[in-house]
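Student: My questions will all concern the structure given below.
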Amino acid sequence: MPIPEDVTGEEIDKDVRQELQSLPKTLAEDVAKNLVMVARLIDEDPESAYGYSRVALRLASRVAAVREAAGFAAYANQKYSEALAEFRAARRMTGTTELWPLMADCERGLGRPEKTLDMAGAPEVQKLDKAGQVEMRLVAAGARRDMGQLDAAIVTLQSSELASHSVQPWTARLRYAYADALLATGRGGEAREWFAKAVEADRDGSTDASDRLAEMDGVEFMDALDEHDEADAGSDTSVDGVEAKGVRADLDDEAAEGDAEKAETDADKD
């Protein structure tokens, strides 16, 4: 797959670069460039990102960072079985547990929510950092909802992180998930409150909480250039349509007076 000229491979994280030092220099550079493309495209063009990840995997399948990138690319394309296999491989190579929530979510994607809940109660969760534990809580709540256990999903999300007033990277998503679970059980008033709290915490637009809140409040956003507005624009020549019509009326009156004066003048000449 083509690599843009501006991609050098130096853009990757220094830890990944260090992993690639086990490869011959030219090979390491090629792998690095493909990993850069995966990171660059995974949100906007996940299919292309997946293609670059497969190239990197073919070149360096024994590098943990490559297996992890391949897992993320497969996950972004909902290839959950493949993603799970890559995440497991990366975990075996590194011995870390940071991919545990993603592995559990892959089990959800494969239609195995019971397995997800087993993983949520495993000792590995205690080894996760705070962000990882919150992510695991979100995944577990999703598994509960998959199983139709809506009240249990709500309880799963209730935590000190949810109650905290401080805003962390996970706060908006946690509040959003809680609001959505409340709404699913018919608790609209509480859901609206938590969607509003999610909006307050969502500084980078990671959720559509503002749209959900507007929908609950009955707010409709209309296109300023829809057909109705275009029709109005064609009939009015000012921001205030009434004002424009008034101006035209004045012009018509002036024209009528002018015609009358002209008629009188012509009569005098005769």
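Starting from 1 in every chain, residues are counted up; chains themselves are A, B, ... following the order of the structure tokens, and ligands are numbered from 1 as listed.
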So which residues touch Ala64 in chain A within 9 Å, counting only C-alpha atoms, skipping near sequence neighbours fewer than 5 positions away, as a count of residues only?
Tutor: 9
Student: Would you kindly return, as a PyMOL selection string, each protein, DNA or RNA residue with an atom no farther than 7 Å from any atom of Ala140 in chain A, considering only C-alpha atoms and excluding same-chain residues fewer than 3 positions away?
Tutor: chain A and resi 116-117+120+136-137+143-144
Student: If we count only C-alpha atoms and set the cut-off at 8 Å, which residues sit around Leu59 in chain A, ignoring sequence neighbours fewer than 3 positions away in its own chain? Please answer as a list of chain:residue names.
Tutor: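 Non-adjacent residues within range: A:Leu27, A:Val31, A:Val55, A:Ala56.
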Student: Run DSSP on the backbone and give me the residues of range 146-175 of chain A it puts in helix (DSSP H, G or I), as a list of chain:residue names.
Tutor: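 For range 146-175 of chain A, the helix (DSSP H, G or I) set is A:Asp146, A:Leu150, A:Asp151, A:Ala152, A:Ala153, A:Ile154, A:Val155, A:Thr156, A:Leu157, A:Ser160, A:Glu161, A:Leu162, A:Ala163, A:Thr171, A:Ala172, A:Arg173, A:Leu174, A:Arg175.
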Student: Go through A:Glu68, A:Glu98, A:Asp208, A:Glu44 and flag the residue nearest Gln126 in chain A, using only C-alpha atoms for the distances.
Tutor: A:Glu98
Student: From the options A:Ile154, A:Asp118, A:Pro113, A:Trp170, which residue's atoms come nearest to Gly132 in chain A, counting only C-alpha atoms?
Tutor: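 Looking at the shortest contact to Gly132 in chain A, the residue is A:Trp170.
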Student: What is the distance, in Å and to one decimal place, between CA of Arg112 in chain A and CA of Val125 in chain A?
Tutor: 18.5 Å
Student: Skip Asp180 in chain A itself and residues of its chain fewer than 3 positions away, then list as a VMD selection string all residues within 12 Å of it, counting only C-alpha atoms.
Tutor: chain A and resid 138 141 to 142 145 150 to 151 153 to 154 157 173 to 177 183 to 196 198 207 to 209 212 to 213 216
Student: Taking only C-alpha atoms into account, which of A:Leu162, A:Val134, A:Met1, A:Leu35 comes nearest Arg67 in chain A?
Tutor: A:Leu35
Student: Pick out the closest residue to Ala70 in chain A from this set: A:Asp6, A:Glu47, A:Glu86, A:Glu11. Count only C-alpha atoms.
Tutor: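 Counting only C-alpha atoms, the residue closest to Ala70 in chain A is A:Glu86.
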Student: So how many Å separate CA of Glu10 in chain A and CA of Ala32 in chain A, to one decimal?
Tutor: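 CA of Glu10 in chain A sits 7.4 Å away from CA of Ala32 in chain A.
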